[in-house]
Amino acid sequence: MNPALQGLITIVLGVGGCLAYFWLSNQFLDRVLFPARGPNPGRNINRANMVRPWLFLFPAIFALGLYLAYPVFETLRLSLTSRSAGGAFVGLENYMRMGREPKFWEAMRNNMLWLVVVPAVSTAFGLLAAQLTDRIRWGNVAKSIVFMPMAISFVGASVIFKLIYDTRAAGQDQIGVLNAIWLAFDGGPGSFIFLRLVPALILLAFAAFMVYGIYLALRPLVWGESLSGKATWWTFPLRVVVAFAALWLLWLSLHSIYSVFTATLPYGQPQTWLTIPFWNNFFLMAVLIWIQTGFAMVIISAALRGIPEETVEAAIIDGANPFDVFFKIKVPQIMGTIVVVWTTITLVVLKVFDIVYAMTNGQWETQVLANYMYDKLFRANDWGVGSASAIVIMILVTPILIWNVYNARKEMR
Amino acid sequence: MATLKLTKVTKAYGNIEILHGIDLDIESGEFIVFVGPSGCGKSTLLRTIAGLEQITSGTLEIDGVVVNDIPPSQRGIAMVFQSYALYPHMTVYDNMAFGMRLARKSRQEIDERVKYAANILQLTPYLDRLPKALSGGQRQRVAIGRAICRNPKVFLFDEPLSNLDAALRVATRIEIAKLHESMPDTTMIYVTHDQVEAMTLADRIVVLRSGVIEQVGSPMELYDRPDNIFVAGFIGSPAMNMVPCTFEQSGGEVRARPENHEPVRIPVQIPAGAVGGKGTLGVRPEHLRLADGAEPLFRGRLDIVEHLGELTLLYVDCGFAEPIIAKLEGNVRIERGSEIALAARTGMLHVFDADGRSFPRQEQPLAAE
Amino acid sequence: MSSIAGTKSGLMWAVHISVALLVALWIFPTVGLFVSSFRTADQIAASGWWASLFPQEQNLVLRTADPSKQAQEGDLYVISGNLFADNNEPAAGISAWGVSSRAISDYEPGETADMGDDGRITIEQNGDYRLENDVAFEGRRGERIFVTATTPPKFTLENYEHVLLSGSTTDSMAKAFFNTLTVTIPATVIPIVIAAFAAYALAWMRFPGRALLIAAVVALLVVPLQLALIPLLRLHLGIGIGKGYLGVWLAHTGFGLPLAIYLLRNYMVGLPRDIIENAKVDGATDFQIFTRIVLPLSMPALASFAIFQFLWTWNDLLVAKVFLIDATGETTVMTNQIVELLGTRGGNWEILATAAFVSIAVPLVVFFAMQRYLVRGLLAGSVK
């Protein structure tokens, strides 16, 4: 039948059915099962009230159990079976097979890259945008515009950015903005400034930031100053890990500064941006950053509003300039929110499928796990390896899951 | 040295003027209290002195230097906020050291000054704690300690005791008074709506209403010689009894006649033009006593008696809009509904003209009887 | 902060400029798509969309009408007409013109050029010309005029017509639009009903295991839905629902429940306890309290989730591909249609841009109309 009609009927049946279920079950409970009369009305009412929450919860628990809880275990089970062997249990063979595929490791590497870059950049931009738009008159309009990409589908955003990255043959007018800008560079002083000097400065600033990060992470351990607040058993190894990560990034950025100045750039030739190995990942990431910055900005903006104004005023009286106020007073006070934003965006990054699927479909070494899984599942029809890759995604997500549940329980006390 | 001079200081937000041309001279080392009802502009005035608000017009001088456009941290001031405004993510030590660290002072100097301030305020055992692990009174002391560490010329207090409970308020009030004694060269400006704090702490009180200074003077000056009805009613609790009166010639002099009562002698000089006109007669509850044969000032029926142990409050209905309140020492046994006559010494009467301003006195007020 | 004494106004200017740059950068991509959807294929191929917003300049060589069209007015022989019309060129505005190939911008519109024996010619800005001579014109061809023409920005609606009304199976978005609507609305409405009851139980009822269930909901929020695809598809196929609307509705309901319960519970917990306890004292049952007090008061949270879920299901691709779209191509949603277009019509930006914009138009409208609720939903539980 006409799907619209079908939809309408479903809504009516669905909503009506649910309401009928709730009302009827409550009636049943209160009138038939534990009526408030007879020899023990009080006891009956108590019993009814003990059962009632489960009536309210039943449909939700059923749906959640079926659609989210059961699949976790089933996927785990499926990842241990093989389709070609008719569904027989094959142990870890799927995982081993997956581990032998170079595409899988490419996807893992890329996902790590996405995980490091996208949440950090989105949160940083969101923080910047939130602070800048905080006090100005047209702040709300500006925030709306930055937030707007969140309403656009990933596929729509992919189309938008494909237009930006579009390439025409050399000699024709470029219709993609990025190539149009690229062709304006010709190796002269402008090119030097924008393509070598500015990136080098940015990398230098980043390197300096990494040095500061190492200093912050290691200072309490080396100089033995009092740790403010409580120090738990995992703070020490965490600091060491963070310091090493920062050291690695520092090395990367210094190396990049060197290559920024020595690389020969193909001036005047339009580039097919999405095919350039390694850098095409960043062009894909730009789409997600464009979308998620608004999300980060909205949440951080609300947190900034919650900072007591007087702590800022006290800092001003103490002699803090706007940068001091921002980094030493405001950011520490909203650190909890920043972490929430960071973890939420991390979750989105791990699940991102549409962007890579629509723009490159994993070619030119841009594959990511979610797309890899889809590929295995629906193109190769290999549910064993497909499930295995889904489980890998689940494993990557688990630390955040534990952290969120831990925080939720802490709050409930 | 820390003198302040405000000349025609005005503060407006857009079209709304909050402060209308404040003129004030503050000596070095004074303890000045800004007091007034909600919305009178006392906090705005304090924040303007701090530099947290820009002065719309007029000048503010600290030690002779015009500081209108100088940022707060360079004015030589420190401020204690009503909500303490401690940095929640820093320990007590770091809170107090923050300003000095920003100014790049040496670690040794910072350590010395923080420990010194902690010592004065008995905060030494709490230096490593975060603010959320402290009680309200302790947090307030940290806020004061942070201000001390700035070594300011002028201390600014913005209703610092409002968030504390009654007992703590009294204790902290005494600590602030002692602090002032230990720093004779530091000027302190204190904002409060509580006139008890004003009376006990101040060298001079500035009474503000609707952005205008009503009167400046020492506590006793404001008590004995209020310039107008507002100040008279603001200082003292319960407030001064105010009754409408007319001025008439009687017995060879100008006397004031409260409505429906006999004319009474007054200790002020009424200009000729005011004779025959209206005014207000005021007398504080603590200066009224039972007439007991003397010339009664007011007569009426006793409505309510309140026994507080150390004193008794009588609410007497004398035919005026409000009952006359008398504050008598000790426990006075008296029946409700009985006819009461109240008297007061002439020197204790306050007389105000039709505009609410007080007439100048002829003689010195006698010390409280 | 600007009211603090001593702040330099330069700082405020830097802030305003930075925000302006940020906003320009963020809106630039979408504007590009929007503008492109109004251009023809030729225009798109010829120049970048940013240039199309400004009048474009062209240098043309046009001829006046030939001498056979001359007319006699008294002593003068006159040829007149419109340069563009006479040469079958689209109308444009003339910014400069000349009569010699070495001096193509000698004259401005409205001026008269004296060509000696060949006559005098006056050309207006819209291309109207008047060629006069004292003697009759000879020859077979008209005068050559060099013209610098500026064409105003030109836009067209034909792309939208094609995408929405043409009915072509590959390009048309109309069917996909209604399909998407059909998927979205039930998938938004049904989770709300189920989640509202569950949220109320988790917020205001006491029972053992409540904390555990709440923790489970928080955990399920994190579980990636990739995990659920394979087992659920097999389940649907196994019990006979197959791929279709029912399947995708059920799937979206299941996947949307954790967020719904989380949002609604957070909000319900914040409702004033007094009202509910008052109602209990008055003798209301839990069911009545829920329907008469809690549910009406929770409307903002319900609106927030509804918008979230609406945007999420409208923009979704993966769930639709797995549970709805089969090989027949009968059922499709707009996101899928766009992916197809990227493959088949990847070079036809005029179609692609228009189709993409049609698919994002509804979410944008919903976003701008209900932004407040969307923001409120985001903030629930996120601000620590």
# chains A, B, ... in the order shown; residues from 1 in each chain; ligands from 1
$ interface_residues --of "chain A" --to "chain B" --cutoff "9 Å" --atoms "only C-alpha atoms" --output "list in words"
Ser226, Leu227, Ser228, Gly229, Pro308, Glu309, Glu310, Thr311, Val312, Glu313, Ala314, Ala315, Ile316, Ile317, Asp318, Gly319, Ala320, Asp324, Ile329, Pro332 and Gln333 of chain A
$ write_last_selection --atoms "C-alpha atoms" --output "JSON list (two decimals), in the first residue's frame"
[["chain", "number", "residue", "atom", "x", "y", "z"],
["A", 226, "SER", "CA", 51.91, 19.46, 45.84],
["A", 227, "LEU", "CA", 49.25, 18.04, 43.59],
["A", 228, "SER", "CA", 46.13, 20.02, 44.04],
["A", 229, "GLY", "CA", 43.10, 17.93, 44.68],
["A", 308, "PRO", "CA", 30.78, 32.93, 38.13],
["A", 309, "GLU", "CA", 31.55, 36.38, 36.82],
["A", 310, "GLU", "CA", 33.23, 37.33, 40.07],
["A", 311, "THR", "CA", 36.07, 34.85, 39.65],
["A", 312, "VAL", "CA", 36.89, 36.63, 36.40],
["A", 313, "GLU", "CA", 36.66, 40.03, 38.08],
["A", 314, "ALA", "CA", 38.89, 38.88, 40.92],
["A", 315, "ALA", "CA", 41.44, 37.72, 38.36],
["A", 316, "ILE", "CA", 41.31, 41.08, 36.59],
["A", 317, "ILE", "CA", 41.97, 42.83, 39.86],
["A", 318, "ASP", "CA", 44.84, 40.42, 40.42],
["A", 319, "GLY", "CA", 46.32, 41.71, 37.19],
["A", 320, "ALA", "CA", 45.33, 39.06, 34.65],
["A", 324, "ASP", "CA", 45.51, 34.82, 31.46],
["A", 329, "ILE", "CA", 40.60, 30.90, 35.13],
["A", 332, "PRO", "CA", 40.14, 25.10, 34.19],
["A", 333, "GLN", "CA", 36.65, 25.75, 35.46]]
$ residues_around --residues "stretch 203-211 of chain A" --least-positions-apart "5" --cutoff "10 Å" --atoms "only C-alpha atoms" --output "list in words"
Leu197, Val198, Leu216, Ala217, Ala243, Ala245, Ala246, Leu247, Trp248, Leu249, Leu250, Trp251, Leu252, Ser253, Leu254, His255, Ser256, Ile257 and Val260 of chain A
$ residues_around --residues "B:Gly211" --least-positions-apart "2" --cutoff "10 Å" --atoms "only C-alpha atoms" --output "number ranges by chain"
B: 10-11, 17-22, 36, 39-42, 44-45, 208-209, 213-214
$ closest_residue --among "B:His193, B:Arg265, B:His307, B:Arg47" --to "chain C" --atoms "only C-alpha atoms"
B:Arg47
$ atom_distance --atom1 "atom CA of B:Leu179" --atom2 "atom CA of B:Val206"
20.9 Å
$ residues_around --residues "C:Ala136" --least-positions-apart "5" --cutoff "12 Å" --atoms "only C-alpha atoms" --output "JSON, numbers by chain"
{"C": [66, 67, 68, 69, 70, 71, 72, 73, 75, 76, 77, 78, 79, 117, 118, 119, 131]}
$ residues_around --residues "stretch 334-337 of chain C" --least-positions-apart "6" --cutoff "12 Å" --atoms "only C-alpha atoms" --output "PyMOL selection string"
(chain A and resi 152-159+354-355+357-358) or (chain C and resi 163-164+169-184+312-322+324-326+343-345+351-352+355-362)
$ select_by_dssp --residues "stretch 131-262 of chain A" --states "alpha helix (DSSP H)" --output "tab-separated table (two decimals) with C-alpha atoms, in the first residue's frame"
chain	number	residue	atom	x	y	z
A	131	GLN	CA	34.76	32.65	23.84
A	132	LEU	CA	34.80	35.06	20.91
A	139	GLY	CA	26.93	36.66	19.08
A	140	ASN	CA	23.74	34.64	18.75
A	141	VAL	CA	23.57	35.09	15.01
A	142	ALA	CA	27.21	34.08	14.66
A	143	LYS	CA	26.63	31.02	16.81
A	144	SER	CA	23.65	30.00	14.70
A	145	ILE	CA	25.71	30.09	11.57
A	146	VAL	CA	28.57	28.10	13.02
A	147	PHE	CA	26.11	25.60	14.48
A	154	PHE	CA	26.92	13.96	6.38
A	155	VAL	CA	26.11	13.12	2.78
A	156	GLY	CA	24.98	16.69	2.07
A	157	ALA	CA	28.14	18.00	3.67
A	158	SER	CA	30.15	15.60	1.51
A	159	VAL	CA	28.58	17.07	-1.61
A	160	ILE	CA	29.30	20.58	-0.39
A	161	PHE	CA	32.93	19.79	0.16
A	162	LYS	CA	33.27	17.85	-3.04
A	163	LEU	CA	32.41	21.07	-4.79
A	164	ILE	CA	35.14	22.80	-2.89
A	165	TYR	CA	37.68	20.13	-3.78
A	177	VAL	CA	37.47	27.03	-4.47
A	178	LEU	CA	40.52	25.19	-3.21
A	179	ASN	CA	42.00	24.78	-6.68
A	180	ALA	CA	41.11	28.35	-7.56
A	181	ILE	CA	43.08	29.51	-4.55
A	182	TRP	CA	45.90	27.08	-5.30
A	183	LEU	CA	46.31	28.36	-8.84
A	189	PRO	CA	56.63	36.09	-2.25
A	190	GLY	CA	52.91	35.54	-1.63
A	191	SER	CA	53.39	31.82	-1.99
A	198	VAL	CA	52.49	30.63	7.87
A	199	PRO	CA	52.34	26.82	8.14
A	200	ALA	CA	55.80	26.86	9.69
A	201	LEU	CA	54.68	29.40	12.26
A	202	ILE	CA	51.58	27.38	13.05
A	203	LEU	CA	53.67	24.24	13.45
A	204	LEU	CA	56.11	26.14	15.62
A	205	ALA	CA	53.29	27.32	17.84
A	206	PHE	CA	52.00	23.77	18.00
A	207	ALA	CA	55.48	22.53	18.94
A	208	ALA	CA	55.71	25.15	21.67
A	209	PHE	CA	52.30	24.05	22.90
A	210	MET	CA	53.54	20.46	23.02
A	211	VAL	CA	56.57	21.51	25.05
A	212	TYR	CA	54.26	23.32	27.47
A	213	GLY	CA	52.07	20.21	27.61
A	214	ILE	CA	55.07	18.03	28.49
A	215	TYR	CA	56.10	20.53	31.14
A	216	LEU	CA	52.60	20.55	32.67
A	217	ALA	CA	52.32	16.79	32.62
A	218	LEU	CA	55.70	16.10	34.17
A	219	ARG	CA	56.14	19.04	36.51
A	220	PRO	CA	54.42	17.57	39.55
A	221	LEU	CA	56.34	14.35	39.15
A	222	VAL	CA	59.78	15.85	38.66
A	223	TRP	CA	59.63	18.88	40.95
A	235	THR	CA	47.36	9.75	37.42
A	236	PHE	CA	51.04	8.91	37.29
A	237	PRO	CA	51.01	6.51	34.30
A	238	LEU	CA	48.52	8.79	32.55
A	239	ARG	CA	50.90	11.72	32.86
A	240	VAL	CA	53.74	9.64	31.46
A	241	VAL	CA	51.62	8.47	28.52
A	242	VAL	CA	50.48	12.00	27.78
A	243	ALA	CA	54.06	13.24	27.97
A	244	PHE	CA	55.21	10.61	25.50
A	245	ALA	CA	52.35	11.38	23.12
A	246	ALA	CA	53.23	15.05	23.29
A	247	LEU	CA	56.87	14.24	22.66
A	248	TRP	CA	55.95	12.23	19.55
A	249	LEU	CA	53.77	15.03	18.26
A	250	LEU	CA	56.57	17.49	18.97
A	251	TRP	CA	58.93	15.41	16.87
A	252	LEU	CA	56.34	15.20	14.09
A	253	SER	CA	55.80	18.94	14.04
A	254	LEU	CA	59.51	19.75	13.99
A	255	HIS	CA	59.98	17.29	11.14
A	256	SER	CA	57.06	18.89	9.34
A	257	ILE	CA	58.56	22.35	9.68
A	258	TYR	CA	61.64	21.04	7.93
A	259	SER	CA	59.62	19.54	5.08
A	260	VAL	CA	57.51	22.66	4.77
A	261	PHE	CA	60.58	24.55	3.70
A	262	THR	CA	62.17	21.88	1.56
$ select_by_dssp --residues "stretch 10-228 of chain B" --states "strand (DSSP E)" --output "NGL selection string"
:B and (10-13 or 16-26 or 31-35 or 57-62 or 65-66 or 77-80 or 154-158 or 187-192 or 204-209 or 212-217)
$ closest_residue --among "B:Ser182, B:Thr187, B:Ser57, B:Thr200" --to "B:Phe155" --atoms "only C-alpha atoms"
B:Thr187
$ interface_residues --of "chain C" --to "chain B" --cutoff "7 Å" --atoms "only C-alpha atoms" --output "number ranges by chain"
C: 3-6
$ residues_around --residues "C:Ser52" --least-positions-apart "2" --cutoff "12 Å" --atoms "only C-alpha atoms" --output "PyMOL selection string"
(chain A and resi 175) or (chain C and resi 32+35-40+42-50+54-57+151-155)
$ residues_around --residues "B:Ile334" --least-positions-apart "2" --cutoff "9 Å" --atoms "only C-alpha atoms" --output "MDAnalysis selection string"
chainID B and resid 302 305 332 336 338
$ write_last_selection --atoms "C-alpha atoms" --output "PDB file, in the first residue's frame"
ATOM      1  CA  LEU B 302      -0.856  50.655  74.407  1.00  0.00           C
ATOM      2  CA  VAL B 305       4.137  44.915  74.220  1.00  0.00           C
ATOM      3  CA  VAL B 332       8.471  46.687  82.206  1.00  0.00           C
ATOM      4  CA  ARG B 336      -2.131  46.018  76.938  1.00  0.00           C
ATOM      5  CA  SER B 338      -3.789  50.848  79.105  1.00  0.00           C
TER       6      SER B 338
END
$ atom_distance --atom1 "atom CA of C:Gly329" --atom2 "atom CA of A:Pro71"
27.5 Å
